[in-house]
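J.: Pasting in a structure now, in structure tokens, and then I'll have a few things to ask.
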Amino acid sequence: MRHWRWLVVVAPTLLGLGLSLYFFLEYNKSHAHIVYLRADLGALSFVLGLLLSLAVALFFILRAWKERMLLHNLRTAAEERRRFLRRLDHELKNPLTAIHAGIANLAEAASNGLNHETIASLQTQTVRISRLSSDLRKLAEIEVRQLECLPVDVPLLLQEAFRVACEHPEAGKRTLNLSLPQAPWPLPTIQGDADLLFLAIHNLLENALKFSNQGDTLELRAFEDGQQIVIEVADTGPGIPGDEQPHVWEELYRGQASRGVPGSGLGLALVRAIIERHNGSVSIRSRLDQGTVFTLRLPAS
């Protein structure tokens with residue numbers, strides 16, 4: 001605290017102490033009944049001054065704590081943005097390098113006809129940049145767009161997402177299961193944007209299909225837990241290392257297992273943004289060589 005703040009804090013106490021001494025001296029000059037009242041007022045003035053000093057001190061302490069928390073949050077947000085931009089630079093650098101190399105190869109091979117492999121590489125990298133740009137736009141829109149808070153039939157939503165997952169090219173090489181409670185009652189509805197919630201669940205299922213292996217099992221399940229609906233996407237894939245798990249929800253983060261796997265690195269960040277906009281939460285449990293469980297918690301209607 002600055003020196004003037006300390007003066008403000010101790011001023012009420014000093015004032016109360018001064019009044020108390022004044023009343024005490026008045027008491028020594030006379031023994032009239034009114035003097036006894038003044039002596040009591042002196043003690044009361046001291047106590048009130050002390051309490052006021054404590055209140056002022058508490059006010060400055062709370063304000064300083066809020067300022068420190070705000071500064072910490074700003075620094076954290078700035079560091080996250082810097083980390084995001086570094087990852088974005090890294091993600092864009094590889095496809096752009098490939099495109100430049102492909103264009104150079106095309107120029108060299110122009111006299112001998114078109115190089116089909118180079119063209120295919122250019123198309124792949126162009127699609128990658130386009131997908132990254134699209135996912136970045138979706139992520140930005142989710143953070144600010146107005147949600148359609150309408151009743152959402154959770155079983156119907158999960159059945160639709162499961163049906164789409166079963167049509168994935170990799171689905172035939174894995175065992176997919178859907179588990180929804182039927183007794184004693186079905187899942188309650190939730191208030192939200194059905195399209196965004198579908199996107200979140202679809203991203204988790206696609207992520208599980210992408211990073212699991214042939215013969216693995218994938219499960220989409222849901223159940224009621226108090227005032228929340230819990231949705232889980234589980235797989236028996238290779239699992240995620242413990243040091244990577246806290247970062248999987250970050251934009252453009254790609255762990256060791258994702259090297260060489262097509263993707264923008266924004267799928268799980270989109271999931272987190274969608275669920276948090278619905279006042280929910282996300283979490284992950286994973287064991288190496290055993291599998292991974294992604295958990296979504298949403299408030300029931």
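Each chain in the structure tokens gets a letter, A, B, ..., in the order shown, and its residues are numbered from 1; ligands are numbered from 1 in order too.
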Could you name the residues that touch Ser301 in chain A at 8 Å or less, counting only C-alpha atoms, but leaving out those on the same chain fewer than 5 positions away, as a VMD selection string?

T.: chain A and resid 151 188 to 191

J.: So which residues touch range 278-285 of chain A within 12 Å, counting only C-alpha atoms, skipping near sequence neighbours fewer than 6 positions away, as an MDAnalysis selection string?

T.: chainID A and resid 142:143 146:150 152 190:194 196:197 200:201 204 227:236 239:242 244:249 268:272 291:301

J.: Please dump the current selection as a compact mmCIF listing (two decimals), in the first residue's frame; keep N, CA and C atoms.

T.:
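The result, stored in selection_0.txt:
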# COMPACT_ATOMS: atom_id res chain seq x y z
N ILE A 142 -18.45 -18.63 -32.15
CA ILE A 142 -19.04 -19.28 -30.97
C ILE A 142 -18.86 -18.42 -29.73
N GLU A 143 -17.72 -17.73 -29.64
CA GLU A 143 -17.43 -16.94 -28.45
C GLU A 143 -18.33 -15.71 -28.32
N GLN A 146 -25.08 -15.14 -30.42
CA GLN A 146 -26.22 -15.33 -29.54
C GLN A 146 -26.73 -16.76 -29.69
N LEU A 147 -26.82 -17.48 -28.58
CA LEU A 147 -27.25 -18.87 -28.63
C LEU A 147 -28.77 -18.96 -28.73
N GLU A 148 -29.23 -19.98 -29.44
CA GLU A 148 -30.65 -20.29 -29.48
C GLU A 148 -30.98 -21.21 -28.31
N CYS A 149 -31.48 -20.66 -27.23
CA CYS A 149 -31.76 -21.45 -26.03
C CYS A 149 -33.15 -22.07 -26.16
N LEU A 150 -33.20 -23.21 -26.83
CA LEU A 150 -34.43 -23.96 -27.01
C LEU A 150 -34.27 -25.34 -26.38
N VAL A 152 -33.66 -29.06 -26.02
CA VAL A 152 -32.94 -30.00 -26.87
C VAL A 152 -33.18 -31.42 -26.35
N ILE A 190 -32.32 -30.36 -22.33
CA ILE A 190 -31.44 -29.27 -21.92
C ILE A 190 -31.78 -28.06 -22.78
N GLN A 191 -31.46 -26.88 -22.27
CA GLN A 191 -31.69 -25.65 -23.01
C GLN A 191 -30.41 -25.28 -23.76
N GLY A 192 -30.52 -25.11 -25.07
CA GLY A 192 -29.32 -24.75 -25.80
C GLY A 192 -29.53 -24.72 -27.29
N ASP A 193 -28.42 -24.65 -27.99
CA ASP A 193 -28.38 -24.60 -29.44
C ASP A 193 -28.08 -26.01 -29.94
N ALA A 194 -29.06 -26.67 -30.53
CA ALA A 194 -28.91 -28.06 -30.94
C ALA A 194 -27.80 -28.24 -31.98
N LEU A 196 -25.03 -26.44 -32.41
CA LEU A 196 -23.71 -26.34 -31.79
C LEU A 196 -23.41 -27.56 -30.93
N LEU A 197 -24.39 -28.04 -30.18
CA LEU A 197 -24.17 -29.23 -29.35
C LEU A 197 -23.88 -30.45 -30.23
N ALA A 200 -20.27 -30.26 -31.25
CA ALA A 200 -19.36 -30.64 -30.17
C ALA A 200 -19.25 -32.16 -30.07
N ILE A 201 -20.38 -32.86 -30.07
CA ILE A 201 -20.38 -34.32 -29.94
C ILE A 201 -19.77 -34.96 -31.19
N LEU A 204 -16.01 -34.82 -31.04
CA LEU A 204 -15.44 -35.81 -30.12
C LEU A 204 -15.44 -37.20 -30.76
N GLN A 227 -28.45 -32.50 -11.16
CA GLN A 227 -29.03 -31.49 -12.04
C GLN A 227 -28.25 -31.35 -13.34
N GLN A 228 -27.43 -32.35 -13.66
CA GLN A 228 -26.60 -32.29 -14.87
C GLN A 228 -26.82 -33.50 -15.75
N ILE A 229 -26.60 -33.29 -17.04
CA ILE A 229 -26.55 -34.37 -18.02
C ILE A 229 -25.08 -34.60 -18.35
N VAL A 230 -24.62 -35.82 -18.21
CA VAL A 230 -23.23 -36.17 -18.47
C VAL A 230 -23.18 -36.96 -19.78
N ILE A 231 -22.38 -36.49 -20.71
CA ILE A 231 -22.18 -37.15 -22.00
C ILE A 231 -20.70 -37.53 -22.10
N GLU A 232 -20.44 -38.79 -22.43
CA GLU A 232 -19.07 -39.28 -22.51
C GLU A 232 -18.81 -39.93 -23.86
N VAL A 233 -17.65 -39.67 -24.40
CA VAL A 233 -17.15 -40.36 -25.59
C VAL A 233 -15.87 -41.07 -25.17
N ALA A 234 -15.91 -42.40 -25.19
CA ALA A 234 -14.81 -43.22 -24.70
C ALA A 234 -14.27 -44.10 -25.82
N ASP A 235 -12.98 -44.41 -25.74
CA ASP A 235 -12.37 -45.31 -26.73
C ASP A 235 -11.28 -46.13 -26.07
N THR A 236 -10.92 -47.21 -26.71
CA THR A 236 -9.84 -48.08 -26.24
C THR A 236 -8.57 -47.84 -27.04
N GLY A 239 -4.45 -43.83 -25.88
CA GLY A 239 -4.39 -42.96 -24.71
C GLY A 239 -3.55 -41.72 -24.95
N ILE A 240 -3.61 -40.81 -23.97
CA ILE A 240 -2.90 -39.53 -24.07
C ILE A 240 -1.95 -39.41 -22.88
N PRO A 241 -0.69 -39.05 -23.09
CA PRO A 241 0.25 -38.88 -21.97
C PRO A 241 -0.25 -37.86 -20.96
N GLY A 242 0.09 -38.07 -19.71
CA GLY A 242 -0.39 -37.20 -18.63
C GLY A 242 0.02 -35.75 -18.80
N GLU A 244 0.33 -34.13 -21.50
CA GLU A 244 -0.39 -33.50 -22.61
C GLU A 244 -1.85 -33.25 -22.29
N GLN A 245 -2.40 -33.98 -21.33
CA GLN A 245 -3.84 -33.90 -21.07
C GLN A 245 -4.33 -32.50 -20.71
N PRO A 246 -3.60 -31.71 -19.88
CA PRO A 246 -4.11 -30.36 -19.57
C PRO A 246 -4.16 -29.42 -20.77
N HIS A 247 -3.49 -29.78 -21.87
CA HIS A 247 -3.38 -28.86 -23.01
C HIS A 247 -4.25 -29.25 -24.19
N VAL A 248 -4.94 -30.39 -24.13
CA VAL A 248 -5.66 -30.86 -25.32
C VAL A 248 -6.80 -29.94 -25.71
N TRP A 249 -7.31 -29.13 -24.76
CA TRP A 249 -8.43 -28.24 -25.07
C TRP A 249 -7.96 -26.90 -25.64
N LEU A 268 -11.07 -29.86 -30.42
CA LEU A 268 -11.37 -29.90 -28.99
C LEU A 268 -11.56 -28.50 -28.42
N ALA A 269 -10.88 -27.51 -28.99
CA ALA A 269 -11.10 -26.12 -28.55
C ALA A 269 -12.52 -25.69 -28.88
N LEU A 270 -13.03 -26.11 -30.03
CA LEU A 270 -14.42 -25.83 -30.39
C LEU A 270 -15.38 -26.50 -29.41
N VAL A 271 -15.08 -27.74 -29.05
CA VAL A 271 -15.93 -28.47 -28.10
C VAL A 271 -15.99 -27.71 -26.77
N ARG A 272 -14.84 -27.31 -26.27
CA ARG A 272 -14.82 -26.59 -24.99
C ARG A 272 -15.58 -25.28 -25.06
N GLY A 291 -6.85 -46.27 -23.18
CA GLY A 291 -7.92 -45.51 -23.80
C GLY A 291 -8.13 -44.15 -23.17
N THR A 292 -9.18 -43.47 -23.65
CA THR A 292 -9.47 -42.10 -23.25
C THR A 292 -10.97 -41.91 -23.11
N VAL A 293 -11.35 -41.07 -22.14
CA VAL A 293 -12.75 -40.71 -21.94
C VAL A 293 -12.84 -39.19 -21.92
N PHE A 294 -13.61 -38.63 -22.86
CA PHE A 294 -13.92 -37.21 -22.85
C PHE A 294 -15.31 -37.03 -22.24
N THR A 295 -15.42 -36.15 -21.26
CA THR A 295 -16.68 -35.97 -20.53
C THR A 295 -17.20 -34.55 -20.69
N LEU A 296 -18.48 -34.45 -21.02
CA LEU A 296 -19.17 -33.17 -21.12
C LEU A 296 -20.25 -33.14 -20.05
N ARG A 297 -20.34 -32.04 -19.32
CA ARG A 297 -21.39 -31.87 -18.31
C ARG A 297 -22.21 -30.63 -18.66
N LEU A 298 -23.53 -30.83 -18.79
CA LEU A 298 -24.43 -29.75 -19.15
C LEU A 298 -25.58 -29.69 -18.16
N PRO A 299 -26.03 -28.47 -17.80
CA PRO A 299 -27.15 -28.36 -16.86
C PRO A 299 -28.47 -28.83 -17.51
N ALA A 300 -29.20 -29.64 -16.76
CA ALA A 300 -30.51 -30.10 -17.25
C ALA A 300 -31.51 -28.97 -17.17
N SER A 301 -32.56 -29.05 -17.97
CA SER A 301 -33.59 -28.02 -17.97
C SER A 301 -34.30 -28.03 -16.61

J.: Using only C-alpha atoms, determine which residues lie at most 8 Å from range 168-180 of chain A, disregarding the query and same-chain residues fewer than 4 positions distant; provide the list as a list of chain:residue names.

T.: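 Once the adjacent positions are removed, what remains is A:Pro155, A:Gln159, A:Phe162, A:Val164, A:Pro186, A:Leu209, A:Lys210, A:Asn213, A:Gln214, A:Gly215, A:Asp216, A:Thr217, A:Leu218, A:Glu219, A:Leu220, A:Arg221, A:Ala222, A:Phe223.
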
J.: Quick one: write out the picked residues with N, CA and C atoms as a short mmCIF file (atom, residue, chain, number, x, y, z; two decimals), in the first residue's frame?

T.:
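Listed below is the output, result28.cif:
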data_model
loop_
_atom_site.label_atom_id
_atom_site.label_comp_id
_atom_site.auth_asym_id
_atom_site.auth_seq_id
_atom_site.Cartn_x
_atom_site.Cartn_y
_atom_site.Cartn_z
N PRO A 155 -31.39 -37.59 -26.09
CA PRO A 155 -31.29 -38.89 -26.77
C PRO A 155 -31.34 -38.77 -28.29
N GLN A 159 -28.34 -39.84 -30.81
CA GLN A 159 -28.60 -40.85 -31.84
C GLN A 159 -28.21 -40.35 -33.21
N PHE A 162 -24.42 -40.27 -33.41
CA PHE A 162 -23.92 -41.64 -33.51
C PHE A 162 -24.13 -42.18 -34.93
N VAL A 164 -24.22 -40.48 -37.74
CA VAL A 164 -23.24 -39.85 -38.61
C VAL A 164 -21.86 -40.47 -38.40
N PRO A 186 -36.26 -41.53 -19.21
CA PRO A 186 -35.23 -41.11 -20.16
C PRO A 186 -34.54 -39.84 -19.70
N LEU A 209 -12.44 -41.57 -33.57
CA LEU A 209 -12.22 -42.41 -34.74
C LEU A 209 -10.84 -42.15 -35.34
N LYS A 210 -10.43 -40.92 -35.33
CA LYS A 210 -9.17 -40.54 -35.96
C LYS A 210 -7.97 -41.09 -35.20
N ASN A 213 -7.33 -47.16 -33.16
CA ASN A 213 -6.78 -48.09 -34.13
C ASN A 213 -7.83 -49.09 -34.57
N GLN A 214 -7.52 -49.79 -35.63
CA GLN A 214 -8.42 -50.81 -36.14
C GLN A 214 -8.67 -51.87 -35.07
N GLY A 215 -9.95 -52.21 -34.86
CA GLY A 215 -10.32 -53.18 -33.84
C GLY A 215 -10.65 -52.58 -32.49
N ASP A 216 -10.41 -51.28 -32.29
CA ASP A 216 -10.73 -50.61 -31.03
C ASP A 216 -12.25 -50.45 -30.89
N THR A 217 -12.65 -50.16 -29.65
CA THR A 217 -14.07 -49.95 -29.34
C THR A 217 -14.29 -48.49 -28.96
N LEU A 218 -15.38 -47.91 -29.51
CA LEU A 218 -15.78 -46.54 -29.19
C LEU A 218 -17.17 -46.58 -28.58
N GLU A 219 -17.36 -45.77 -27.55
CA GLU A 219 -18.66 -45.71 -26.89
C GLU A 219 -19.12 -44.26 -26.75
N LEU A 220 -20.37 -44.06 -27.10
CA LEU A 220 -21.05 -42.78 -26.83
C LEU A 220 -22.13 -43.08 -25.81
N ARG A 221 -22.04 -42.48 -24.63
CA ARG A 221 -22.97 -42.78 -23.56
C ARG A 221 -23.36 -41.51 -22.83
N ALA A 222 -24.50 -41.59 -22.16
CA ALA A 222 -25.00 -40.43 -21.42
C ALA A 222 -25.80 -40.92 -20.23
N PHE A 223 -25.82 -40.11 -19.18
CA PHE A 223 -26.60 -40.43 -17.99
C PHE A 223 -26.88 -39.15 -17.23
#

J.: Rank A:Val56, A:Met69, A:Gln256, A:Leu157 by their smallest atom-to-atom distance to Phe211 in chain A, using only C-alpha atoms, and report the top residue only.

T.: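 Closest residue, counting only C-alpha atoms: A:Gln256.
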
J.: Can you list every residue in range 189-251 of chain A that DSSP puts in strand (DSSP E or B), as a list in words?

T.: Ile190, Gln191, Gly192, Thr217, Leu218, Glu219, Leu220, Arg221, Ala222, Phe223, Glu224, Asp225, Gln228, Ile229, Val230, Ile231, Glu232, Val233, Ala234 and Asp235 of chain A
